[in-house]
>>> print(open('upload10.cif').read())   # mmCIF, C-alpha atoms
data_start
#
loop_
_atom_site.label_atom_id
_atom_site.label_comp_id
_atom_site.auth_asym_id
_atom_site.auth_seq_id
_atom_site.Cartn_x
_atom_site.Cartn_y
_atom_site.Cartn_z
CA MET A 5 -0.89 22.49 13.08
CA GLN A 6 -2.23 22.39 9.52
CA ALA A 7 -3.47 19.07 8.14
CA VAL A 8 -5.07 17.69 4.98
CA VAL A 9 -8.75 16.67 5.13
CA PHE A 10 -10.60 15.08 2.20
CA MET A 11 -13.95 16.77 1.58
CA GLY A 12 -15.21 14.57 -1.26
CA ASP A 13 -15.94 15.47 -4.90
CA ARG A 14 -12.19 15.81 -5.53
CA LYS A 15 -11.83 18.57 -2.95
CA LEU A 16 -9.63 18.81 0.11
CA GLU A 17 -8.90 21.45 2.70
CA LEU A 18 -5.95 22.39 4.87
CA MET A 19 -7.50 22.66 8.33
CA GLU A 20 -6.11 23.74 11.67
CA PHE A 21 -5.85 21.09 14.41
CA ALA A 22 -4.38 21.27 17.90
CA ASP A 23 -0.97 19.66 18.27
CA PRO A 24 -1.62 16.20 19.81
CA THR A 25 -0.59 15.16 23.31
CA PRO A 26 0.04 11.45 23.99
CA GLY A 27 -2.12 9.61 26.51
CA PRO A 28 -1.33 6.33 28.28
CA GLY A 29 0.31 3.86 25.92
CA GLU A 30 0.58 6.45 23.15
CA VAL A 31 3.34 8.33 21.34
CA VAL A 32 3.46 11.33 19.03
CA LEU A 33 5.39 11.09 15.78
CA GLU A 34 6.85 14.22 14.24
CA MET A 35 6.12 13.44 10.61
CA LYS A 36 9.00 13.40 8.14
CA ALA A 37 7.22 11.77 5.18
CA SER A 38 3.61 10.82 4.47
CA GLY A 39 2.92 8.88 1.29
CA MET A 40 0.07 9.17 -1.20
CA CYS A 41 -1.65 5.82 -1.83
CA GLY A 42 -4.06 4.77 -4.55
CA SER A 43 -6.69 3.92 -1.94
CA ASP A 44 -6.70 7.61 -0.93
CA LEU A 45 -8.47 8.32 -4.19
CA LYS A 46 -11.73 6.62 -3.14
CA TYR A 47 -12.00 9.16 -0.32
CA TYR A 48 -10.80 12.05 -2.46
CA ARG A 49 -13.32 11.24 -5.23
CA ALA A 50 -16.27 10.25 -3.03
CA PRO A 51 -19.44 12.39 -3.10
CA GLN A 52 -19.61 15.16 -0.53
CA GLY A 53 -21.92 14.47 2.37
CA GLY A 54 -20.94 10.81 2.66
CA ALA A 55 -18.13 11.44 5.08
CA ALA A 56 -19.44 9.33 7.95
CA ASN A 57 -19.73 6.26 5.74
CA LEU A 58 -16.49 6.81 3.85
CA GLY A 59 -14.18 7.52 6.73
CA PHE A 60 -13.37 11.19 6.43
CA SER A 61 -15.33 12.11 9.54
CA GLY A 62 -15.86 10.60 12.92
CA PRO A 63 -17.64 11.59 16.10
CA ALA A 64 -15.04 14.26 16.80
CA GLY A 65 -15.29 15.86 13.34
CA PRO A 66 -13.01 15.86 10.31
CA VAL A 67 -10.25 13.27 10.13
CA ILE A 68 -6.71 13.96 8.92
CA ALA A 69 -5.81 12.03 5.76
CA GLY A 70 -2.73 9.94 5.06
CA HIS A 71 -2.10 6.28 5.93
CA GLU A 72 1.56 5.97 4.96
CA PRO A 73 3.20 7.72 7.93
CA CYS A 74 6.88 7.83 8.83
CA GLY A 75 8.71 10.09 11.25
CA VAL A 76 10.48 10.47 14.56
CA VAL A 77 9.08 9.87 18.05
CA CYS A 78 8.90 13.29 19.72
CA ALA A 79 6.64 12.64 22.75
CA ILE A 80 5.82 9.56 24.83
CA GLY A 81 2.81 9.02 27.07
CA PRO A 82 2.62 7.25 30.42
CA GLY A 83 3.16 3.51 30.54
CA VAL A 84 5.20 3.17 27.35
CA SER A 85 8.24 0.94 27.84
CA PRO A 86 11.61 2.27 26.65
CA ALA A 87 11.93 -1.04 24.80
CA VAL A 88 8.94 -0.04 22.67
CA ALA A 89 9.56 3.66 22.02
CA ARG A 90 12.18 6.29 22.77
CA ILE A 91 12.52 9.97 21.92
CA GLY A 92 14.26 10.37 18.57
CA GLN A 93 13.39 6.88 17.36
CA ARG A 94 12.92 6.68 13.56
CA ALA A 95 9.65 4.85 13.05
CA MET A 96 7.01 3.82 10.60
CA CYS A 97 3.43 3.32 11.74
CA HIS A 98 1.32 0.21 11.18
CA HIS A 99 -1.74 2.22 10.30
CA TYR A 100 -4.37 0.14 12.12
CA LYS A 101 -5.55 -0.07 15.72
CA GLY A 102 -7.52 -3.01 17.09
CA CYS A 103 -8.47 -4.27 20.54
CA SER A 104 -4.84 -5.36 21.21
CA VAL A 105 -5.90 -8.63 22.90
CA CYS A 106 -7.59 -10.84 20.28
CA LYS A 107 -5.54 -13.50 18.47
CA HIS A 108 -5.09 -11.32 15.39
CA CYS A 109 -4.00 -8.20 17.25
CA LEU A 110 -1.55 -10.25 19.31
CA THR A 111 0.16 -11.45 16.12
CA GLY A 112 0.41 -7.97 14.59
CA TRP A 113 -2.69 -8.21 12.39
CA SER A 114 -4.79 -5.45 13.97
CA GLN A 115 -6.72 -4.93 10.73
CA LEU A 116 -8.25 -8.39 11.29
CA CYS A 117 -9.37 -7.56 14.84
CA THR A 118 -12.34 -9.69 15.91
CA ALA A 119 -13.58 -7.25 18.57
CA GLY A 120 -14.93 -4.64 16.16
CA GLY A 121 -14.20 -0.93 16.20
CA MET A 122 -10.94 -1.26 14.29
CA VAL A 123 -9.39 2.13 13.44
CA VAL A 124 -7.68 2.86 10.13
CA TYR A 125 -5.40 5.84 10.51
CA GLY A 126 -5.96 8.32 7.70
CA ALA A 127 -9.58 7.18 7.27
CA THR A 128 -11.33 6.68 10.63
CA GLY A 129 -8.50 8.04 12.79
CA HIS A 130 -6.14 10.97 12.28
CA GLY A 131 -3.44 10.15 9.75
CA GLY A 132 -0.05 11.39 8.64
CA HIS A 133 -0.77 14.38 6.36
CA ALA A 134 0.14 16.77 9.18
CA ARG A 135 3.11 17.86 11.25
CA TYR A 136 2.32 15.45 14.09
CA MET A 137 0.46 12.15 14.47
CA LYS A 138 -0.60 10.49 17.73
CA VAL A 139 -0.72 6.67 17.72
CA PRO A 140 -0.52 3.73 20.14
CA ALA A 141 3.11 2.82 20.79
CA SER A 142 2.24 -0.72 19.70
CA THR A 143 1.79 0.49 16.10
CA LEU A 144 5.42 1.61 15.76
CA VAL A 145 7.76 -0.31 13.46
CA THR A 146 11.40 0.78 13.60
CA LEU A 147 12.81 2.30 10.42
CA PRO A 148 16.38 1.06 9.76
CA ASP A 149 18.94 3.86 9.72
CA ALA A 150 19.95 3.03 6.15
CA LEU A 151 16.45 3.77 4.80
CA SER A 152 15.02 7.22 4.07
CA PHE A 153 11.82 8.48 5.64
CA GLU A 154 10.25 8.41 2.16
CA THR A 155 11.07 4.73 1.81
CA GLY A 156 9.57 4.17 5.26
CA ALA A 157 6.37 5.89 4.15
CA ALA A 158 6.12 3.63 1.09
CA ILE A 159 6.68 0.51 3.19
CA SER A 160 3.89 1.70 5.53
CA CYS A 161 1.33 0.76 2.89
CA GLY A 162 1.99 0.43 -0.85
CA THR A 163 5.38 -1.26 -0.87
CA GLY A 164 4.56 -3.25 2.26
CA THR A 165 1.32 -4.45 0.65
CA ALA A 166 3.21 -5.62 -2.44
CA PHE A 167 5.79 -7.41 -0.29
CA GLY A 168 3.06 -9.10 1.77
CA ALA A 169 1.34 -10.37 -1.37
CA LEU A 170 4.57 -11.77 -2.85
CA GLN A 171 5.21 -13.56 0.45
CA ARG A 172 1.67 -14.97 0.46
CA ILE A 173 2.24 -16.60 -2.93
CA ASP A 174 5.77 -17.71 -2.03
CA LEU A 175 7.38 -16.03 -5.02
CA SER A 176 10.88 -17.22 -5.90
CA GLY A 177 13.51 -16.99 -8.60
CA ARG A 178 11.97 -20.03 -10.29
CA ASP A 179 8.81 -18.11 -11.12
CA THR A 180 7.47 -15.93 -13.89
CA ILE A 181 4.93 -13.50 -12.44
CA ALA A 182 2.53 -11.25 -14.38
CA ILE A 183 1.62 -8.10 -12.44
CA PHE A 184 -1.59 -6.38 -13.54
CA GLY A 185 -1.46 -2.63 -12.85
CA GLN A 186 1.71 -0.57 -12.48
CA GLY A 187 0.52 2.10 -10.11
CA PRO A 188 2.44 2.55 -6.84
CA VAL A 189 1.57 -0.93 -5.49
CA GLY A 190 2.08 -2.72 -8.79
CA LEU A 191 5.35 -0.96 -9.48
CA SER A 192 6.51 -1.83 -5.95
CA ALA A 193 5.61 -5.45 -6.68
CA THR A 194 7.62 -5.32 -9.91
CA GLN A 195 10.64 -3.89 -8.09
CA LEU A 196 10.45 -6.38 -5.22
CA ALA A 197 9.78 -9.39 -7.47
CA VAL A 198 12.86 -8.55 -9.54
CA ALA A 199 14.87 -8.33 -6.30
CA MET A 200 13.54 -11.79 -5.38
CA GLY A 201 14.89 -13.15 -8.67
CA ALA A 202 11.57 -13.66 -10.46
CA ARG A 203 10.92 -12.92 -14.11
CA VAL A 204 8.32 -10.13 -14.29
CA ILE A 205 5.73 -9.38 -16.96
CA ALA A 206 4.18 -5.97 -16.21
CA LEU A 207 0.76 -4.88 -17.48
CA ASP A 208 -0.86 -1.44 -17.60
CA ILE A 209 -2.76 0.74 -20.05
CA SER A 210 -0.53 3.76 -19.31
CA PRO A 211 2.59 4.07 -21.52
CA GLU A 212 4.27 6.12 -18.78
CA ARG A 213 3.73 3.41 -16.20
CA LEU A 214 4.90 0.67 -18.56
CA ALA A 215 8.07 2.65 -19.22
CA ARG A 216 8.70 2.87 -15.48
CA ALA A 217 8.11 -0.87 -15.10
CA LYS A 218 10.89 -1.48 -17.63
CA GLU A 219 13.14 0.85 -15.62
CA PHE A 220 12.39 -1.24 -12.55
CA GLY A 221 13.50 -4.45 -14.25
CA ALA A 222 10.38 -5.94 -15.86
CA ASP A 223 11.38 -8.51 -18.47
CA ALA A 224 8.39 -7.65 -20.67
CA VAL A 225 5.52 -5.16 -20.67
CA ILE A 226 2.00 -5.52 -22.06
CA ASP A 227 -0.72 -2.95 -22.74
CA PRO A 228 -4.02 -4.84 -22.17
CA GLY A 229 -5.84 -2.12 -24.09
CA ALA A 230 -3.88 -2.89 -27.22
CA THR A 231 -3.59 -6.70 -27.14
CA ASP A 232 -5.13 -9.75 -25.51
CA PRO A 233 -3.09 -9.95 -22.29
CA VAL A 234 -3.79 -13.62 -21.61
CA ALA A 235 -2.61 -14.62 -25.07
CA ALA A 236 0.40 -12.32 -24.80
CA ILE A 237 1.42 -13.84 -21.47
CA ARG A 238 1.10 -17.34 -22.91
CA ASP A 239 3.25 -16.31 -25.88
CA LEU A 240 5.95 -15.23 -23.44
CA THR A 241 5.78 -18.48 -21.45
CA SER A 242 5.95 -21.21 -24.09
CA GLY A 243 2.16 -21.41 -24.24
CA GLU A 244 1.74 -22.31 -20.56
CA GLY A 245 0.99 -19.06 -18.77
CA ALA A 246 2.67 -17.42 -15.79
CA HIS A 247 3.44 -19.41 -12.66
CA LYS A 248 1.85 -16.64 -10.61
CA THR A 249 -0.10 -13.45 -11.22
CA LEU A 250 -0.89 -10.43 -9.08
CA ASP A 251 -3.74 -7.99 -9.65
CA THR A 252 -3.22 -4.58 -8.06
CA SER A 253 -5.82 -2.72 -10.14
CA GLY A 254 -9.08 -3.90 -8.59
CA VAL A 255 -10.58 -3.80 -12.11
CA ALA A 256 -12.95 -6.71 -12.78
CA GLU A 257 -11.59 -7.49 -16.25
CA ALA A 258 -7.98 -7.43 -15.05
CA ARG A 259 -8.82 -9.74 -12.14
CA ALA A 260 -10.39 -12.28 -14.47
CA GLN A 261 -7.42 -12.04 -16.83
CA ALA A 262 -5.04 -12.58 -13.91
CA VAL A 263 -6.77 -15.89 -13.17
CA ARG A 264 -6.87 -16.98 -16.81
CA ALA A 265 -3.24 -16.02 -17.40
CA VAL A 266 -1.77 -18.51 -14.91
CA ARG A 267 -0.71 -21.96 -16.02
CA THR A 268 -2.15 -25.22 -14.69
CA TRP A 269 -1.39 -25.40 -10.94
CA GLY A 270 -0.75 -21.64 -11.01
CA VAL A 271 -1.57 -19.06 -8.31
CA ALA A 272 -3.42 -15.77 -8.83
CA CYS A 273 -3.37 -13.14 -6.08
CA PHE A 274 -5.70 -10.14 -5.65
CA VAL A 275 -4.63 -7.05 -3.69
CA GLY A 276 -6.62 -4.35 -5.52
CA GLU A 277 -9.46 -3.14 -3.28
CA GLY A 278 -13.19 -3.06 -4.05
CA GLY A 279 -15.32 -4.23 -6.93
CA THR A 280 -16.29 -7.68 -8.15
CA VAL A 281 -15.05 -10.35 -10.54
CA SER A 282 -16.90 -13.00 -12.55
CA LEU A 283 -15.25 -16.28 -13.46
CA ASP A 284 -16.30 -19.37 -15.35
CA VAL A 285 -15.40 -21.68 -12.49
CA SER A 286 -14.70 -24.93 -14.33
CA PRO A 287 -12.38 -23.74 -17.14
CA ASP A 288 -10.89 -20.83 -15.21
CA MET A 289 -10.20 -22.64 -11.94
CA LEU A 290 -11.23 -26.23 -11.30
CA ARG A 291 -9.97 -27.91 -14.44
CA ARG A 292 -6.61 -26.18 -14.21
CA GLN A 293 -6.12 -26.62 -10.44
CA VAL A 294 -5.75 -22.84 -10.01
CA THR A 295 -5.36 -21.29 -6.56
CA ILE A 296 -6.76 -17.79 -5.91
CA VAL A 297 -5.33 -15.86 -2.97
CA GLY A 298 -6.50 -12.63 -1.35
CA SER A 299 -3.87 -10.51 0.39
CA TRP A 300 -4.71 -7.47 2.52
CA THR A 301 -1.75 -5.32 3.51
CA PHE A 302 0.57 -6.87 6.15
CA SER A 303 1.24 -7.35 9.85
CA THR A 304 3.65 -5.36 12.03
CA VAL A 305 6.03 -8.31 11.68
CA GLY A 306 5.64 -8.27 7.90
CA GLN A 307 6.25 -4.52 7.78
CA ALA A 308 9.52 -4.98 9.65
CA GLU A 309 10.49 -7.88 7.37
CA CYS A 310 9.84 -5.72 4.31
CA ALA A 311 12.08 -2.97 5.69
CA ARG A 312 14.86 -5.49 6.34
CA PHE A 313 14.51 -6.95 2.84
CA VAL A 314 14.70 -3.50 1.26
CA GLU A 315 17.74 -2.65 3.37
CA GLU A 316 19.63 -5.91 2.81
CA ARG A 317 18.88 -6.19 -0.93
CA LYS A 318 19.49 -2.46 -1.43
CA VAL A 319 16.13 -2.00 -3.18
CA ASP A 320 15.86 1.62 -4.34
CA VAL A 321 12.33 2.28 -3.10
CA ASP A 322 12.97 6.04 -3.28
CA HIS A 323 12.99 5.64 -7.07
CA LEU A 324 9.24 5.01 -6.87
CA PHE A 325 8.67 8.68 -6.10
CA THR A 326 8.18 10.96 -9.07
CA HIS A 327 6.71 13.80 -7.00
CA ARG A 328 7.62 15.23 -3.60
CA TRP A 329 5.23 17.81 -2.19
CA ARG A 330 4.84 20.18 0.73
CA LEU A 331 1.58 19.98 2.67
CA ASP A 332 0.58 23.42 1.40
CA GLN A 333 0.70 21.93 -2.14
CA ALA A 334 -1.88 19.23 -1.28
CA VAL A 335 -4.52 20.49 -3.73
CA GLU A 336 -2.10 20.34 -6.67
CA ALA A 337 -0.65 17.05 -5.41
CA TYR A 338 -3.96 15.19 -5.43
CA GLN A 339 -5.08 16.74 -8.71
CA SER A 340 -1.93 15.32 -10.27
CA PHE A 341 -2.28 11.92 -8.55
CA ASP A 342 -5.94 11.71 -9.61
CA ARG A 343 -4.87 11.45 -13.27
CA GLN A 344 -3.19 8.11 -12.44
CA ASN A 345 -0.44 8.41 -15.02
CA THR A 346 2.39 9.38 -12.66
CA GLY A 347 4.55 7.51 -10.22
CA LYS A 348 4.19 7.76 -6.47
CA GLY A 349 3.84 11.04 -4.57
CA VAL A 350 4.89 11.84 -1.01
CA PHE A 351 4.59 14.79 1.34
CA THR A 352 7.87 15.63 3.01
CA MET A 353 8.01 17.74 6.13
#
>>> encode(input="upload10.cif", output="structure tokens")
Amino acid sequence: MQAVVFMGDRKLELMEFADPTPGPGEVVLEMKASGMCGSDLKYYRAPQGGAANLGFSGPAGPVIAGHEPCGVVCAIGPGVSPAVARIGQRAMCHHYKGCSVCKHCLTGWSQLCTAGGMVVYGATGHGGHARYMKVPASTLVTLPDALSFETGAAISCGTGTAFGALQRIDLSGRDTIAIFGQGPVGLSATQLAVAMGARVIALDISPERLARAKEFGADAVIDPGATDPVAAIRDLTSGEGAHKTLDTSGVAEARAQAVRAVRTWGVACFVGEGGTVSLDVSPDMLRRQVTIVGSWTFSTVGQAECARFVEERKVDVDHLFTHRWRLDQAVEAYQSFDRQNTGKGVFTM
């Protein structure tokens, strides 16, 4: 089978891999959709030669990209219970593998595994940008029949991450939330927050992304490159600030603004990966009783809850996608995504 491998320096290759065979406790998914996530870009842009440190190579050689996998179970290895997996099952994949026995793995949080050696599919283990993907049966999360495979791919990282963060801060219809960054995760957060009944203020420096945020129900949009975002948020909230904020950008300035833009007793949440942030602790936090929360993706339970929420509230996650690609268009797909002024992309098989 052909599969996408990131080479670094904004290069990728379509390489040939053997079709996988499941071992004990494993299944093979025939991929139907594999999403493109903003965190892919750190691997795509990384310098060549740093593969071992950046996750594109492992002991067995190049690693297949893609950590938003969704497909159909097409092969089952020994020891897999029919209650866990069956041929033809529509399934997402929780894209982490841990030891399976520590307290975090047992509660569906394999990415927090205490035993070490955690695998991230699409980075340190073969991912979904291929025809087939072999994974432990325990990573499967059933995709409801009412949802498309593309929606399942989005829930497998970007949309699921947004949902997990909104749960962490207990967002409700009483709240005004300011969401910094309207890339795929931020736009998912806007869409989900609107479905939860919250008032949304969306921030981004891209006019195209701000326009999409309005389409997705944002009450107001702000370009932080054109105006002071903290002041603008206060103007929209009777001088108090948002009840809650969410930074999806990972940009230091946006993170600091997200903290400063909440009102007294407010909550700021960070989901954007990497980087640093500097705060003046007393005025920014202590003297306003501000809570800062970090949220990293979601558990298998949370992934299933997100899928149910999307199904029951009829959230049009498919509307996130502005580009659908074939695997043989991967070079063009990532060149387009690298400009970061489009919506979400997905490979469909």
>>> resolve_selection(input="upload10.cif", expression="the PyMOL selection byres ((chain A and resi 290-295) around 7)", output="list in words")
Thr268, Trp269, Gly270, Val271, Ala272, Val285, Ser286, Pro287, Asp288, Met289, Ile296 and Val297 of chain A
>>> resolve_selection(input="upload10.cif", expression="the PyMOL selection byres ((chain A and resi 43) around 10)", output="number ranges by chain")
A: 40-42, 44-48, 71, 161-162, 276-278
>>> write_last_selection(input="upload10.cif", atoms="C-alpha atoms", output="mmCIF file, keeping the file's coordinate frame")
data_model
loop_
_atom_site.group_PDB
_atom_site.id
_atom_site.type_symbol
_atom_site.label_atom_id
_atom_site.label_comp_id
_atom_site.auth_asym_id
_atom_site.auth_seq_id
_atom_site.Cartn_x
_atom_site.Cartn_y
_atom_site.Cartn_z
ATOM 1 C CA MET A 40 0.070 9.170 -1.200
ATOM 2 C CA CYS A 41 -1.650 5.820 -1.830
ATOM 3 C CA GLY A 42 -4.060 4.770 -4.550
ATOM 4 C CA ASP A 44 -6.700 7.610 -0.930
ATOM 5 C CA LEU A 45 -8.470 8.320 -4.190
ATOM 6 C CA LYS A 46 -11.730 6.620 -3.140
ATOM 7 C CA TYR A 47 -12.000 9.160 -0.320
ATOM 8 C CA TYR A 48 -10.800 12.050 -2.460
ATOM 9 C CA HIS A 71 -2.100 6.280 5.930
ATOM 10 C CA CYS A 161 1.330 0.760 2.890
ATOM 11 C CA GLY A 162 1.990 0.430 -0.850
ATOM 12 C CA GLY A 276 -6.620 -4.350 -5.520
ATOM 13 C CA GLU A 277 -9.460 -3.140 -3.280
ATOM 14 C CA GLY A 278 -13.190 -3.060 -4.050
#
>>> closest_residue(input="upload10.cif", among="A:Met35, A:Ala50, A:Ile91, A:Ala217", to="Asp13 of chain A", atoms="all atoms listed in the file")
A:Ala50
>>> closest_residue(input="upload10.cif", among="A:Tyr125, A:Phe313, A:Phe153, A:Phe341", to="Ala95 of chain A", atoms="all atoms listed in the file")
A:Phe153
>>> closest_residue(input="upload10.cif", among="A:Gly12, A:Gly121, A:Gly112, A:Gly190", to="Leu214 of chain A", atoms="only C-alpha atoms")
A:Gly190
>>> residues_around(input="upload10.cif", residues="Phe351 of chain A", least_positions_apart="4", cutoff="8 Å", atoms="all atoms listed in the file", output="PyMOL selection string")
chain A and resi 37-40+133+328-331
>>> residues_around(input="upload10.cif", residues="Ile181 of chain A", least_positions_apart="2", cutoff="8 Å", atoms="all atoms listed in the file", output="number ranges by chain")
A: 179, 183, 202-205, 246-250
